[in-house]
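Each remark here refers to the structure printed beneath this line.
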Amino acid sequence: MNMNSQEKIIEPLLFEKSVPDRAGIPLPASDVPVTLEESHFPASYQRKTPCEWPELSEPQVVRHFTRLSQLNYSIDTHFYPLGSCTMKHNPKVNERLVLLPDFVNLHPLRPHVLSQGILEILFQTEKWLCELCGMDAFTLQPSAGAQGELTGILVGRAYHESRGEKRPVVLIPDSAHGTNPASVAVAGLSVVTVKSTDQGHVDVEDLKAKLNKEVALIMMTVPSTLGLFEPRMAEIAKTVHEAGALVYMDGANLNALVGLVKPGDIGVDILHVNVHKTFSTPHGGGGPGAGPVGVKKHLEDFLPVPRVIKDKDVYRRSLNYPKSIGRVHGFQGNIGVLLRAYCYMRLQGLEGFREMSESAILSANYLRAKLKTLFPKMSKEYCMHEVVVSGEGAFGPGIRTLDVAKRLLDYGFYAPTIYFPLIVPEAMMIEPTENETKETLDSFCQAMEKIIEESKNEPDKLKSAPLTTPVRRLDEVKAARQLNLKYTVNSNL
Ligand SMILES: *Cc1c(COP(=O)(O)O)cnc(C)c1O
């Protein structure tokens with residue numbers, strides 16, 4: 001293999017960068033017993049008495065954990081219509097594929113000549129995302145949608161700085177997900193909020209009034225968090241570009257667009273994609289995830305390094321992007337998650353994605369049509385992949401959306417997202433995804449109808465719901481104010 005000079009630089013660099021992460025603590029060889037004195041725990045943290053190990057037989061342990069796993073509410077056991085979060089089916093075949101020994105035994109420090117297969121897969125994954133989103137380049141490094149946002153904003157900021165412009169402001173519609181303003185703050189910029197119209201679309205007049213030379217970018221969520229397509233998107237993009245700013249698309253809801261609309265074709269310069277919402281990877285309880293970021297050509301040089309490149313027939317990791325914002329994750333990102341997304345892309349194919357999005361939209365509109373009679377304030381507009389309903393005027397006196405959501409658990413349904421988006425009073429955000437059958441959607445609507453009846457005739461039942469779950473209603477305010485994360489096995493410890 002022809003090792004050029006760039007290669008000699010990259011591989012040792014990766015190695016050197018990973019070592020200081022261990023905070024300078026020398027790791028003992030695994031066969032050397034570590035005494036308490038040798039360990040680096042301060043004496044005050046060291047236990048004074050030996051640990052009491054539980055004396056249990058194997059069947060007892062297996063039964064305990066099996067029972068625990070069955071108490072869990074999951075997409076494998078129940079319908080999970082959690083709006084905005086897209087709890088879609090995670091194909092089991094993906095799990096089998098990523099557990100193949102050739103993937104499991106990969107080491108990120110292996111030189112590129114011995115990692116051609118995985119580098120090719122990462123390269124192809126970026127190409128798939130470029131094709132599906134109409135973008136020119138992608139980075140797979142960010143480990144969640146929110147980190148993708150931060151990466152995208154930093155790319156936008158670097159772009160403006162490279163042109164000698166200081167633009168400290170980001171415009172965000174008031175319906176946006178909370179991570180949007182948080183990411184802007186982390187990137188060191190400030191937020192100006194753009195109003196929504198009564199129909200829940202971006203108020204373009206308000207946007208125009210707030211657009212000026214200070215604005216670096218606008219973060220548009222498409223479809224919006226109300227599950228609606230932004231009808232004036234092209235006009236918004238044109239106006240924003242004319243003001244010298246960039247259009248960032250929060251692509252968390254790409255589940256409704258992929259195969260139908262390419263964000264790059266509707267004026268988007270930067271977007272992030274949530275692979276756990278669109279490409280069937282598990283949510284993973286807060287991580288590890290992946291939130292790839294795509295950009296148009298004029299922003300490509302600012303993407304994080306190292307980037308996977310194809311040099312003749314050899315895949316390499318290149319640091320040769322002097323304008324890059326740098327590294328946002330170790331190595332190339334959470335490869336185990338990206339692999340699952342890659343499997344899903346290969347399974348779907350371009351045509352499959354179109355069908356997927358159409359089914360997601362059809363399912364949501366089916367729910368919308370069936371629930372219309374129950375929720376008097378239902379929007380007149382067709383929705384995309386999720387339907388947002390307002391509980392206002394729908395339930396018996398004193399009953400709130402929270403009570404209805406809790407009661408759904410008793411009927412065997414996970415509760416939809418509630419009280420989001422913030423601009424809809426008593427909101428309930430229902431996302432069926434493309435994977436559920438008509439029978440499931442029908443039984444969900446039936447449960448909703450029964451619960452609304454109960455809210456009028458047996459309100460006490462709703463106030464104390466859920467009645468059948470292992471853990472009953474929690475005092476959420478107390479839990480937030482007096483957070484106690486200590487797990488105690490027995491009270492003597
Ligand atoms: C889920 C979501 C995010 C955040 O993504 P994470 O992967 O959870 O960090 C951002 N914006 C929207 C609209 C979302 O639905």
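Numbering starts fresh at 1 for the residues of each chain in the structure tokens, the chains themselves are lettered A, B, ... in the order given, and ligands are numbered from 1 as they appear.
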
Long-range neighbours of Ala405 in chain A as a ChimeraX atom specification, 12 Å cut-off, only C-alpha atoms, 3 positions minimum in chain: /A:81-82,391,395,399-402,408-419,426-430,444,447-448,451-452,455,462-466,473

How would you report the residues lying within 9 Å of ligand 1, as a ChimeraX atom specification, if you count only C-alpha atoms and all ligand atoms? /A:83-86,143-149,176-180,221-225,250-253,272-277,283,286-287,289-291

In range 103-290 of chain A, what's strand (DSSP E) per DSSP? Answer as a PyMOL selection string? chain A and resi 137-139+169-173+190-194+215-221+246-251+270-273

Contacts of Met378 in chain A within 7 Å, only C-alpha atoms, excl. fewer than 6 positions in-chain, as a ChimeraX atom specification: /A:372,389-390

When you count only C-alpha atoms, which of these residues is closest to Asn94 in chain A: A:Ala479, A:Leu350, A:Leu339, A:Val387?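 Nearest candidate to Asn94 in chain A out of A:Ala479, A:Leu350, A:Leu339, A:Val387: A:Leu339.
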
Residue with smallest distance to Arg327 in chain A - pool A:Gly398, A:Pro101, A:Gly117, A:Pro306, counting only C-alpha atoms: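 Checking each candidate against Arg327 in chain A, we get A:Pro306 as the closest.
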
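Among the candidate residues A:Thr139, A:Gln199, A:Ser183, A:Gln482, the one lying nearest to Gly326 in chain A is A:Thr139, with distances computed using only C-alpha atoms.
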
Separation of CA of Leu217 in chain A from CA of Phe229 in chain A, in Å and rounded to one decimal: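 Answer for the CA of Leu217 in chain A to CA of Phe229 in chain A separation: 19.8 Å.
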